[in-house]
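Have a look at the structure below, then the notes.
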Amino acid sequence: IACVLLGTSFDVIKPTEVGIRYSDPGNRMLYDEGVYKNGRHCLAPGHEFKKFTTQLKYVGFMGGKRLACWTKDKQEVNLELGIYYQIDPKGVIKLYKKYGNKYLVVWKAMMQQAIKQSTKYFDTTSFFDDRNQILRNISSAIINQLTDQHVQNVSVIMGNVQIPEAFEAAVTTKVVTQQSEITKLTSRNYTLVLADTTLVNADAEKRVRIVEANAKAKAQVIIAEATATAETLREQAYAESYAYVRDTLGFNDTFVGSKAQNDKLFKYIWAKSLKDQNGGSKLVVGFDGTSIKTSS
């Protein structure tokens with residue numbers, strides 16, 4: 001009997017575990033003995049350890065266990081998350097006193113709460129465009145939530161992000177509608193620009209025609225003025241030339257009253273004109289008011 005009792009008095013704690021001594025006969029935890037580390041320990045008949053692993057543990061919200069969350073724009077998204085954590089060996093007694101064997105159930109609820117509180121600060125598109133920032137926020141929220149829970153080395157990974165099919169269809173319809181509206185607006189703007197361009201071109205053509213008409217009119221005025229000036233200069237040159245001839249040849253003027261008649265000069269001009277005519281010229285000779293047309 002003694003051997004049997006002695007054999008049942010031993011319990012083993014692995015190198016990756018710590019334990020708290022438990023008395024089955026008294027159904028109580030012997031907290032005063034502190035935390036036991038790895039090794040084979042001789043306790044007492046009916047005594048054993050409540051063991052806690054010191055390795056990294058994993059809580060997964062993957063596959064069919066995806067976590068349904070809400071976004072800033074009030075849309076549902078389903079997240080795949082994996083959470084790694086490690087129990088602090090120094091805090092197992094406080095942990096067991098607080099939750100007993102149900103600490104993992106409590107932790108999962110706290111993790112879910114932290115995640116759902118974190119996602120509501122991001123709109124739906126951010127879960128596809130800014131995953132790293134969302135993951136950092138979720139990690140910080142979980143760590144803060146578990147600060148006094150005797151948990152350490154918490155890390156989070158994010159898997160797939162899914163949106164409900166109905167929402168996806170609604171988003172697609174919304175995007176297509178927005179794109180159609182943008183296309184219509186762009187087309188309308190193009191039509192307005194085209195109309196403005198046509199108006200500007202028409203106004204420019206009108207201005208060009210006005211400028212051309214003004215330039216042509218000014219040119220005609222300049223030509224007319226130049227022609228008149230040239231005619232005046234030519235007549236002035238004739239007058240000066242004939243005056244020179246008159247003075248040089250000594251043609252004295254006869255006067256009728258106070259008006260000089262220049263008879264000799266006129267005869268000279270007449271004789272010179274006859275001399276300058278060619279063989280086929282036609283003359284009109286006047287005799288006392290009668291005109292006779294002759295041909296040579």
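Order determines the names: the first chain of the structure tokens is A, the second B, and so forth; residues in each chain are numbered 1 upward, and ligands are numbered 1 upward as they are shown.
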*List the neighbours of Val59 in chain A out to 8 Å using only C-alpha atoms; skip same-chain residues closer than 3 positions along the sequence, and give me the result as a list of chain:residue names.*
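Answer for this query is A:Gly82, A:Ile83, A:Tyr84, A:Lys108.
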*Which of range 79-123 of chain A counts as alpha helix (DSSP H) under DSSP, as a list in words please?*
Val92, Ile93, Lys94, Leu95, Tyr96, Lys97, Lys98, Tyr99, Tyr103, Leu104, Val105, Val106, Trp107, Lys108, Ala109, Met110, Met111, Gln112, Gln113, Ala114, Ile115, Lys116, Gln117, Ser118 and Thr119 of chain A
May I have the residues from that selection written out with C-alpha atoms, as a JSON list (two decimals), in the first residue's frame?
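Once written, again_18.json looks like this:
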[["chain", "number", "residue", "atom", "x", "y", "z"],
["A", 92, "VAL", "CA", -0.48, 32.01, -13.23],
["A", 93, "ILE", "CA", -1.65, 32.04, -9.61],
["A", 94, "LYS", "CA", -3.46, 35.37, -10.04],
["A", 95, "LEU", "CA", -4.78, 34.17, -13.37],
["A", 96, "TYR", "CA", -6.21, 30.96, -11.91],
["A", 97, "LYS", "CA", -7.67, 32.78, -8.91],
["A", 98, "LYS", "CA", -9.45, 35.18, -11.28],
["A", 99, "TYR", "CA", -10.77, 32.86, -13.99],
["A", 103, "TYR", "CA", -9.29, 32.12, -18.75],
["A", 104, "LEU", "CA", -9.01, 31.28, -22.48],
["A", 105, "VAL", "CA", -12.77, 31.78, -22.97],
["A", 106, "VAL", "CA", -12.50, 35.18, -21.32],
["A", 107, "TRP", "CA", -9.44, 36.11, -23.38],
["A", 108, "LYS", "CA", -11.15, 35.21, -26.66],
["A", 109, "ALA", "CA", -14.08, 37.44, -25.76],
["A", 110, "MET", "CA", -11.71, 40.28, -24.89],
["A", 111, "MET", "CA", -9.80, 39.80, -28.16],
["A", 112, "GLN", "CA", -13.01, 39.89, -30.20],
["A", 113, "GLN", "CA", -14.13, 43.05, -28.44],
["A", 114, "ALA", "CA", -10.78, 44.75, -29.10],
["A", 115, "ILE", "CA", -10.86, 43.76, -32.78],
["A", 116, "LYS", "CA", -14.40, 44.97, -33.37],
["A", 117, "GLN", "CA", -13.73, 48.24, -31.58],
["A", 118, "SER", "CA", -10.65, 48.77, -33.76],
["A", 119, "THR", "CA", -12.17, 48.09, -37.19]]
*Take CA of Leu43 in chain A and CA of Asp11 in chain A and report the distance between them in Å, one decimal.*
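If I compute the distance from CA of Leu43 in chain A to CA of Asp11 in chain A, I get 7.3 Å.
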*Can you list, as a PyMOL selection string, all residues belonging to range 157-228 of chain A that DSSP tags as strand (DSSP E or B)?*
chain A and resi 157-162
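Of the listed residues A:Leu194, A:Ile222, A:Ile182, A:Ile87, the one whose atoms come nearest to Asn153 in chain A is A:Ile87, with distances taken using only C-alpha atoms.
In this comparison, which uses only C-alpha atoms, the residue of A:Asp123, A:Lys14, A:Ile269, A:Ala226 approaching Ala239 in chain A most closely is A:Ile269.
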*asked:* For a quick check of understanding, using only C-alpha atoms, which of A:Val245, A:Met158, A:Phe128, A:Gly46 has the smallest distance to Glu80 in chain A?
replied: A:Met158
*Which is closer to Met62 in chain A than all the others in A:Val12, A:Ile134, A:Ile157, A:Ile210, using only C-alpha atoms?*
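That would be A:Ile157, the residue with the smallest distance to Met62 in chain A.
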*Quick one: residues within 8 Å of Thr53 in chain A, only C-alpha atoms counted, chain neighbours fewer than 5 positions away excluded, as a count of residues only?*
4
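For the choices A:Lys57, A:Lys216, A:Arg246, A:Lys90, the atom-to-atom distance to Val156 in chain A is smallest for A:Lys57 when using only C-alpha atoms.
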*Selection near Thr71 in chain A, 9 Å with only C-alpha atoms, sequence-local residues under 4 positions removed, as a count of residues only*: 10
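Take CA of Leu192 in chain A and CA of Gln179 in chain A: the distance between them is 19.7 Å.
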*Computed interatomic separation between CA of Asn262 in chain A and CA of Tyr238 in chain A (Å)*: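 A separation of 14.9 Å between them.
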